[in-house]
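See structure below.
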Amino acid sequence: MPLQPAGTIRVRFFARYAELVGRAEAAVAVPLPATVGDVVRSVREQLPGAGDIPERPLAAVNLRHARLDASVQDGDEVALLPPIAGG
Amino acid sequence: MPLQPAGTIRVRFFARYAELVGRAEAAVAVPLPATVGDVVRSVREQLPGAGDIPERPLAAVNLRHARLDASVQDGDEVALLPPIAGG
Amino acid sequence: MVYLTRSSISLEALLAEVSSPECGGTCVFLGTVRNGPEEKDVTAIEYSAYQEMVEGELGRIVAEAAARWPGGRLALRHRLGVIPAGEASIAIVAAAPHRAQAFEACRYAIEEIKRRVPVWKKELRSDGSEVWVDPSGRPTSKPAHV
Amino acid sequence: MVYLTRSSISLEALLAEVSSPECGGTCVFLGTVRNGPEEKDVTAIEYSAYQEMVEGELGRIVAEAAARWPGGRLALRHRLGVIPAGEASIAIVAAAPHRAQAFEACRYAIEEIKRRVPVWKKELRSDGSEVWVDPSGRPTSKPAHV
């Protein structure tokens, strides 16, 4: 069986999510192909404190809003965004 | 036959209408009862230059917008208002 | 004169009038003397008014807005006299607990002013001509001194 | 930083950015830190952001408004950091040839900002507690340090 390729995703945390995980970013390895939802699952399973991040958070890929079924590539930046409260 | 009562109306002119009649105000005598429309007719007939004021101008009685069929009393102030262009 | 002035309008002073810790949203409308492609070399506009009635109508508009958007605060100034192109002829400031109310109150005030408040304007053009402006915003009447 | 600042927002500077002889109507929205009956002794709000994304989203919102209201001009600033109650966290200035466009462009910008721009706020209260604010405008999450 061929080795499944893996990608490294830079995951960023903000506001309350950053407080929950106690950090602003993490490098997360995911088997490819992968979606934003896969990254969220990996984060929630692997990072201490991340279990309190919702299963379906608002997310962005490479500085653009993205749905959880959007695909991610090796080297992408995925941000998990608490409910927006700007203005 | 009893004498018909007459009222004296202070008529004010603004902007282009003031230019047409060459004055800012006039005292106009009208037989009572009378309406704003009656005052307008008197003005247009009696005052030089006032014939160019429309037959149905915007008008105010005692600082409030008024319809041409509104009644006027002795001593009222009737203003003839060119199309409003403020702001 | 409460709402009318013959000097430049201070937006800062109006903002201070409505500012309140309960109001998180403030909407401002500024009307300025325009010299765009629809105009013909307008250097200034001369604003005139039926002043006593203007004060009354503006007071009623402010009261109507206060009744319609309770908790909101409205301040406004209309300038009269010769106003050079680019300067403000009117400023309206509406503050409210939430932004929708601020936008609505501000819009209400300017629409009612355009409809009800007896003010007139005469465009002063660079060629020396003077033209009364009709309510659609375009000068259509005959030049005043021809 | 183009749209973000950590200092007080200068409304005057924003007005100067959009001012133009073709634009007769200008609509401003100011969002200020509120301490009203819905809040509990809020002394300040700490604004944080995903800064790189904020700059991108705000740039897109400005471009969308420019496409939707041609002839209009939009300028805005969002402040980050600790903002005391009463001071502005955001200012949007929309100028346009006519007032309807100015109101619409300004309203469009603030609504899109509230929806899309990744900024968060934490209320700092007089008793020393700190509470993240949820999008409905009310703090509902658990106090952060409890």
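All residue names refer to the structure tokens as shown: chains lettered A, B, ... in order, residues numbered from 1 in each chain, ligands numbered from 1 in order.
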
Neighbours of chain C in chain D at 10 Å, counting only C-alpha atoms, as a PyMOL selection string: chain D and resi 11-12+19-39+42+85-95+97-100+102-104+106-107+110-111+137

Surrounding residues of region 63-68 of chain A excluding itself and chain neighbours under 3 positions, 7 Å, only C-alpha atoms, as a count of residues only: 7

Strand (DSSP E) residues, from DSSP on the backbone, in region 19-64 of chain D, as a VMD selection string: chain D and resid 25 to 32 42 to 49

At most 10 Å to chain B: residues in chain C, only C-alpha atoms, as a VMD selection string: chain C and resid 30 to 33 47 to 57 77 to 80 88 to 92 110 to 122 131 to 138 141 144 to 145

Written selection (N, CA and C atoms) as a compact mmCIF listing (two decimals), in the first residue's frame:
# COMPACT_ATOMS: atom_id res chain seq x y z
N LEU C 30 -23.80 64.87 6.18
CA LEU C 30 -23.28 66.19 5.82
C LEU C 30 -23.70 66.49 4.39
N GLY C 31 -24.36 67.62 4.20
CA GLY C 31 -24.65 68.06 2.83
C GLY C 31 -23.68 69.18 2.49
N THR C 32 -22.97 69.03 1.38
CA THR C 32 -21.97 70.03 1.02
C THR C 32 -22.30 70.64 -0.33
N VAL C 33 -21.85 71.86 -0.53
CA VAL C 33 -22.10 72.55 -1.80
C VAL C 33 -21.28 71.86 -2.88
N TYR C 47 -27.72 80.49 0.39
CA TYR C 47 -28.88 79.90 1.03
C TYR C 47 -29.69 80.99 1.73
N SER C 48 -30.99 80.99 1.46
CA SER C 48 -31.88 81.90 2.18
C SER C 48 -33.02 81.08 2.77
N ALA C 49 -33.75 81.67 3.69
CA ALA C 49 -34.76 80.88 4.40
C ALA C 49 -35.87 81.75 4.97
N TYR C 50 -36.98 81.13 5.25
CA TYR C 50 -38.06 81.71 6.05
C TYR C 50 -37.69 81.30 7.48
N GLN C 51 -36.86 82.12 8.11
CA GLN C 51 -36.14 81.66 9.30
C GLN C 51 -37.04 81.22 10.45
N GLU C 52 -38.07 82.01 10.75
CA GLU C 52 -38.94 81.65 11.89
C GLU C 52 -39.60 80.29 11.64
N MET C 53 -40.01 80.06 10.37
CA MET C 53 -40.65 78.78 10.07
C MET C 53 -39.63 77.64 10.06
N VAL C 54 -38.43 77.91 9.58
CA VAL C 54 -37.39 76.88 9.59
C VAL C 54 -37.15 76.40 11.02
N GLU C 55 -37.00 77.34 11.93
CA GLU C 55 -36.76 76.95 13.32
C GLU C 55 -37.90 76.07 13.84
N GLY C 56 -39.14 76.45 13.51
CA GLY C 56 -40.29 75.65 13.95
C GLY C 56 -40.30 74.26 13.34
N GLU C 57 -40.10 74.18 12.02
CA GLU C 57 -40.12 72.87 11.36
C GLU C 57 -38.99 71.98 11.86
N ARG C 77 -27.68 71.30 12.34
CA ARG C 77 -27.47 72.71 12.04
C ARG C 77 -27.63 72.92 10.53
N HIS C 78 -28.34 73.98 10.16
CA HIS C 78 -28.42 74.38 8.74
C HIS C 78 -27.76 75.74 8.61
N ARG C 79 -26.85 75.85 7.67
CA ARG C 79 -26.14 77.11 7.48
C ARG C 79 -26.84 77.94 6.41
N LEU C 80 -26.89 79.26 6.61
CA LEU C 80 -27.45 80.18 5.63
C LEU C 80 -26.38 81.16 5.17
N ALA C 88 -19.99 72.62 4.10
CA ALA C 88 -21.26 72.00 4.48
C ALA C 88 -22.36 73.04 4.66
N SER C 89 -23.52 72.75 4.09
CA SER C 89 -24.71 73.58 4.31
C SER C 89 -25.56 72.98 5.42
N ILE C 90 -25.44 71.68 5.62
CA ILE C 90 -26.23 71.06 6.69
C ILE C 90 -25.45 69.91 7.32
N ALA C 91 -25.64 69.74 8.60
CA ALA C 91 -25.06 68.60 9.31
C ALA C 91 -26.11 68.07 10.27
N ILE C 92 -26.31 66.76 10.22
CA ILE C 92 -27.27 66.08 11.10
C ILE C 92 -26.51 64.97 11.81
N ILE C 110 -33.05 64.11 7.34
CA ILE C 110 -32.68 64.80 6.09
C ILE C 110 -33.81 64.72 5.06
N GLU C 111 -34.54 63.60 5.01
CA GLU C 111 -35.65 63.50 4.04
C GLU C 111 -36.76 64.49 4.40
N GLU C 112 -37.06 64.61 5.68
CA GLU C 112 -38.10 65.56 6.09
C GLU C 112 -37.65 67.00 5.85
N ILE C 113 -36.39 67.26 6.09
CA ILE C 113 -35.86 68.62 5.85
C ILE C 113 -36.01 68.98 4.38
N LYS C 114 -35.63 68.06 3.50
CA LYS C 114 -35.72 68.32 2.06
C LYS C 114 -37.17 68.57 1.63
N ARG C 115 -38.10 67.97 2.36
CA ARG C 115 -39.50 68.03 1.98
C ARG C 115 -40.19 69.24 2.60
N ARG C 116 -39.83 69.59 3.82
CA ARG C 116 -40.67 70.51 4.60
C ARG C 116 -40.04 71.85 4.96
N VAL C 117 -38.72 71.93 5.00
CA VAL C 117 -38.10 73.09 5.62
C VAL C 117 -37.83 74.19 4.57
N PRO C 118 -38.45 75.36 4.76
CA PRO C 118 -38.40 76.41 3.73
C PRO C 118 -37.04 77.10 3.63
N VAL C 119 -36.18 76.47 2.84
CA VAL C 119 -34.86 77.02 2.54
C VAL C 119 -34.72 77.00 1.02
N TRP C 120 -34.05 78.02 0.50
CA TRP C 120 -33.85 78.10 -0.95
C TRP C 120 -32.40 78.34 -1.27
N LYS C 121 -32.01 77.89 -2.47
CA LYS C 121 -30.62 78.14 -2.83
C LYS C 121 -30.48 78.70 -4.22
N LYS C 122 -29.49 79.56 -4.32
CA LYS C 122 -29.19 80.22 -5.58
C LYS C 122 -27.72 79.93 -5.89
N VAL C 131 -28.40 81.48 -10.37
CA VAL C 131 -29.53 80.66 -10.79
C VAL C 131 -30.18 80.00 -9.58
N TRP C 132 -31.51 80.20 -9.44
CA TRP C 132 -32.24 79.51 -8.38
C TRP C 132 -32.25 78.03 -8.68
N VAL C 133 -32.12 77.21 -7.63
CA VAL C 133 -32.10 75.76 -7.79
C VAL C 133 -33.49 75.22 -7.50
N ASP C 134 -33.96 74.34 -8.37
CA ASP C 134 -35.29 73.76 -8.15
C ASP C 134 -35.15 72.49 -7.30
N PRO C 135 -36.29 71.98 -6.78
CA PRO C 135 -36.19 70.92 -5.77
C PRO C 135 -35.57 69.62 -6.27
N SER C 136 -35.56 69.39 -7.57
CA SER C 136 -34.95 68.15 -8.04
C SER C 136 -33.44 68.22 -7.88
N GLY C 137 -32.95 69.39 -7.49
CA GLY C 137 -31.52 69.53 -7.28
C GLY C 137 -30.82 70.15 -8.46
N ARG C 138 -31.55 70.40 -9.53
CA ARG C 138 -30.95 71.02 -10.71
C ARG C 138 -31.52 72.41 -10.92
N SER C 141 -34.91 77.13 -13.32
CA SER C 141 -35.58 78.41 -13.49
C SER C 141 -34.70 79.34 -14.29
N ALA C 144 -31.76 84.61 -12.61
CA ALA C 144 -32.53 85.58 -11.83
C ALA C 144 -32.39 87.01 -12.35
N HIS C 145 -31.26 87.35 -12.90
CA HIS C 145 -31.04 88.76 -13.24
C HIS C 145 -30.96 88.98 -14.73

Atom-to-atom span, CA of Ala6 (chain B) and CA of Leu32 (chain B), Å: 5.2 Å

Residues within 12 Å of Ser42 (chain B), only C-alpha atoms, excluding chain neighbours under 4 positions, as JSON, numbers by chain: {"B": [8, 9, 11, 26, 27, 28, 29, 30, 31, 34, 35, 36, 37, 38, 46, 47, 48, 50, 51, 53, 55]}

Residue list (helix (DSSP H, G or I), DSSP) for region 7-58 of chain A, as a ChimeraX atom specification: /A:15-21,36-46,50-52

Written selection (all heavy atoms) as a compact mmCIF listing (two decimals), in the first residue's frame:
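Saved the output as out.txt:
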# COMPACT_ATOMS: atom_id res chain seq x y z
N ALA A 15 -8.67 35.31 20.00
CA ALA A 15 -9.63 35.70 21.05
C ALA A 15 -9.87 34.54 22.02
O ALA A 15 -8.91 33.98 22.54
CB ALA A 15 -10.92 36.21 20.41
N ARG A 16 -11.12 34.15 22.22
CA ARG A 16 -11.41 33.14 23.24
C ARG A 16 -10.79 31.79 22.89
O ARG A 16 -10.37 31.04 23.77
CB ARG A 16 -12.92 32.99 23.42
CG ARG A 16 -13.31 32.31 24.75
CD ARG A 16 -14.79 32.40 25.02
NE ARG A 16 -15.53 31.52 24.14
CZ ARG A 16 -15.76 30.22 24.40
NH1 ARG A 16 -15.31 29.69 25.51
NH2 ARG A 16 -16.44 29.48 23.56
N TYR A 17 -10.70 31.46 21.60
CA TYR A 17 -10.10 30.17 21.22
C TYR A 17 -8.61 30.15 21.57
O TYR A 17 -8.07 29.13 21.97
CB TYR A 17 -10.29 29.89 19.72
CG TYR A 17 -11.74 29.75 19.29
CD1 TYR A 17 -12.06 29.65 17.94
CD2 TYR A 17 -12.78 29.67 20.22
CE1 TYR A 17 -13.37 29.50 17.52
CE2 TYR A 17 -14.10 29.54 19.81
CZ TYR A 17 -14.39 29.46 18.46
OH TYR A 17 -15.69 29.33 18.05
N ALA A 18 -7.96 31.28 21.41
CA ALA A 18 -6.53 31.34 21.77
C ALA A 18 -6.37 31.15 23.27
O ALA A 18 -5.42 30.49 23.73
CB ALA A 18 -5.95 32.68 21.32
N GLU A 19 -7.33 31.69 24.02
CA GLU A 19 -7.27 31.50 25.48
C GLU A 19 -7.49 30.03 25.85
O GLU A 19 -6.83 29.50 26.74
CB GLU A 19 -8.31 32.38 26.18
CG GLU A 19 -7.92 33.85 26.18
CD GLU A 19 -8.89 34.74 26.97
OE1 GLU A 19 -9.94 34.23 27.42
OE2 GLU A 19 -8.58 35.93 27.12
N LEU A 20 -8.44 29.38 25.16
CA LEU A 20 -8.74 27.97 25.46
C LEU A 20 -7.53 27.08 25.25
O LEU A 20 -7.24 26.20 26.07
CB LEU A 20 -9.90 27.48 24.56
CG LEU A 20 -11.29 28.02 24.89
CD1 LEU A 20 -12.29 27.57 23.82
CD2 LEU A 20 -11.74 27.54 26.26
N VAL A 21 -6.81 27.27 24.14
CA VAL A 21 -5.67 26.40 23.84
C VAL A 21 -4.36 26.96 24.39
O VAL A 21 -3.32 26.30 24.32
CB VAL A 21 -5.52 26.11 22.33
CG1 VAL A 21 -6.76 25.39 21.81
CG2 VAL A 21 -5.30 27.40 21.54
N VAL A 36 -11.14 21.64 5.75
CA VAL A 36 -11.06 22.47 6.95
C VAL A 36 -11.63 21.70 8.14
O VAL A 36 -11.06 21.70 9.23
CB VAL A 36 -11.83 23.79 6.74
CG1 VAL A 36 -11.86 24.60 8.05
CG2 VAL A 36 -11.20 24.61 5.61
N GLY A 37 -12.72 20.96 7.88
CA GLY A 37 -13.34 20.17 8.95
C GLY A 37 -12.37 19.13 9.51
O GLY A 37 -12.34 18.89 10.73
N ASP A 38 -11.57 18.52 8.63
CA ASP A 38 -10.57 17.54 9.10
C ASP A 38 -9.55 18.23 10.01
O ASP A 38 -9.12 17.67 11.02
CB ASP A 38 -9.84 16.91 7.90
CG ASP A 38 -10.78 16.09 7.02
OD1 ASP A 38 -11.76 15.53 7.57
OD2 ASP A 38 -10.55 16.04 5.80
N VAL A 39 -9.15 19.43 9.63
CA VAL A 39 -8.18 20.17 10.44
C VAL A 39 -8.78 20.47 11.81
O VAL A 39 -8.12 20.30 12.85
CB VAL A 39 -7.75 21.47 9.73
CG1 VAL A 39 -6.85 22.31 10.64
CG2 VAL A 39 -7.04 21.16 8.41
N VAL A 40 -10.04 20.90 11.82
CA VAL A 40 -10.70 21.21 13.09
C VAL A 40 -10.73 19.95 13.98
O VAL A 40 -10.40 20.01 15.17
CB VAL A 40 -12.13 21.74 12.87
CG1 VAL A 40 -12.87 21.88 14.20
CG2 VAL A 40 -12.09 23.08 12.13
N ARG A 41 -11.09 18.81 13.39
CA ARG A 41 -11.12 17.55 14.17
C ARG A 41 -9.74 17.23 14.75
O ARG A 41 -9.62 16.90 15.93
CB ARG A 41 -11.59 16.39 13.29
CG ARG A 41 -13.09 16.10 13.43
CD ARG A 41 -13.52 14.86 12.64
NE ARG A 41 -13.29 15.03 11.20
CZ ARG A 41 -14.11 15.70 10.39
NH1 ARG A 41 -15.20 16.26 10.88
NH2 ARG A 41 -13.83 15.82 9.11
N SER A 42 -8.70 17.35 13.92
CA SER A 42 -7.33 17.06 14.40
C SER A 42 -6.98 17.98 15.56
O SER A 42 -6.42 17.54 16.58
CB SER A 42 -6.31 17.27 13.28
OG SER A 42 -6.52 16.33 12.26
N VAL A 43 -7.31 19.26 15.38
CA VAL A 43 -7.00 20.25 16.42
C VAL A 43 -7.71 19.88 17.72
O VAL A 43 -7.10 19.85 18.80
CB VAL A 43 -7.41 21.66 15.97
CG1 VAL A 43 -7.48 22.63 17.15
CG2 VAL A 43 -6.44 22.17 14.91
N ARG A 44 -8.99 19.58 17.63
CA ARG A 44 -9.76 19.28 18.85
C ARG A 44 -9.27 18.03 19.55
O ARG A 44 -9.31 17.93 20.76
CB ARG A 44 -11.26 19.18 18.52
CG ARG A 44 -11.86 20.52 18.03
CD ARG A 44 -13.35 20.41 17.71
NE ARG A 44 -14.17 20.42 18.91
CZ ARG A 44 -14.84 19.39 19.38
NH1 ARG A 44 -14.80 18.25 18.73
NH2 ARG A 44 -15.55 19.50 20.47
N GLU A 45 -8.79 17.05 18.75
CA GLU A 45 -8.29 15.81 19.34
C GLU A 45 -6.90 15.96 19.93
O GLU A 45 -6.58 15.41 20.97
CB GLU A 45 -8.28 14.69 18.29
CG GLU A 45 -9.69 14.17 17.97
CD GLU A 45 -9.71 13.39 16.66
OE1 GLU A 45 -8.61 13.03 16.16
OE2 GLU A 45 -10.80 13.16 16.13
N GLN A 46 -6.06 16.73 19.22
CA GLN A 46 -4.64 16.72 19.58
C GLN A 46 -4.21 17.79 20.57
O GLN A 46 -3.28 17.58 21.34
CB GLN A 46 -3.79 16.86 18.29
CG GLN A 46 -3.89 15.66 17.36
CD GLN A 46 -3.21 15.92 16.02
OE1 GLN A 46 -2.31 16.75 15.94
NE2 GLN A 46 -3.64 15.22 14.99
N ALA A 50 -8.35 22.32 23.37
CA ALA A 50 -9.06 22.61 22.11
C ALA A 50 -10.41 21.91 22.03
O ALA A 50 -11.22 22.21 21.15
CB ALA A 50 -8.20 22.21 20.92
N GLY A 51 -10.65 20.96 22.98
CA GLY A 51 -11.94 20.28 22.97
C GLY A 51 -13.10 21.24 23.21
O GLY A 51 -14.24 20.95 22.85
N ASP A 52 -12.82 22.41 23.78
CA ASP A 52 -13.88 23.39 24.04
C ASP A 52 -14.15 24.30 22.85
O ASP A 52 -15.07 25.12 22.88
CB ASP A 52 -13.53 24.24 25.26
CG ASP A 52 -13.70 23.44 26.56
OD1 ASP A 52 -14.39 22.40 26.52
OD2 ASP A 52 -13.14 23.85 27.58

Atom-to-atom span, CA of Gln101 (chain D) and CA of Ala66 (chain C), Å: 25.1 Å
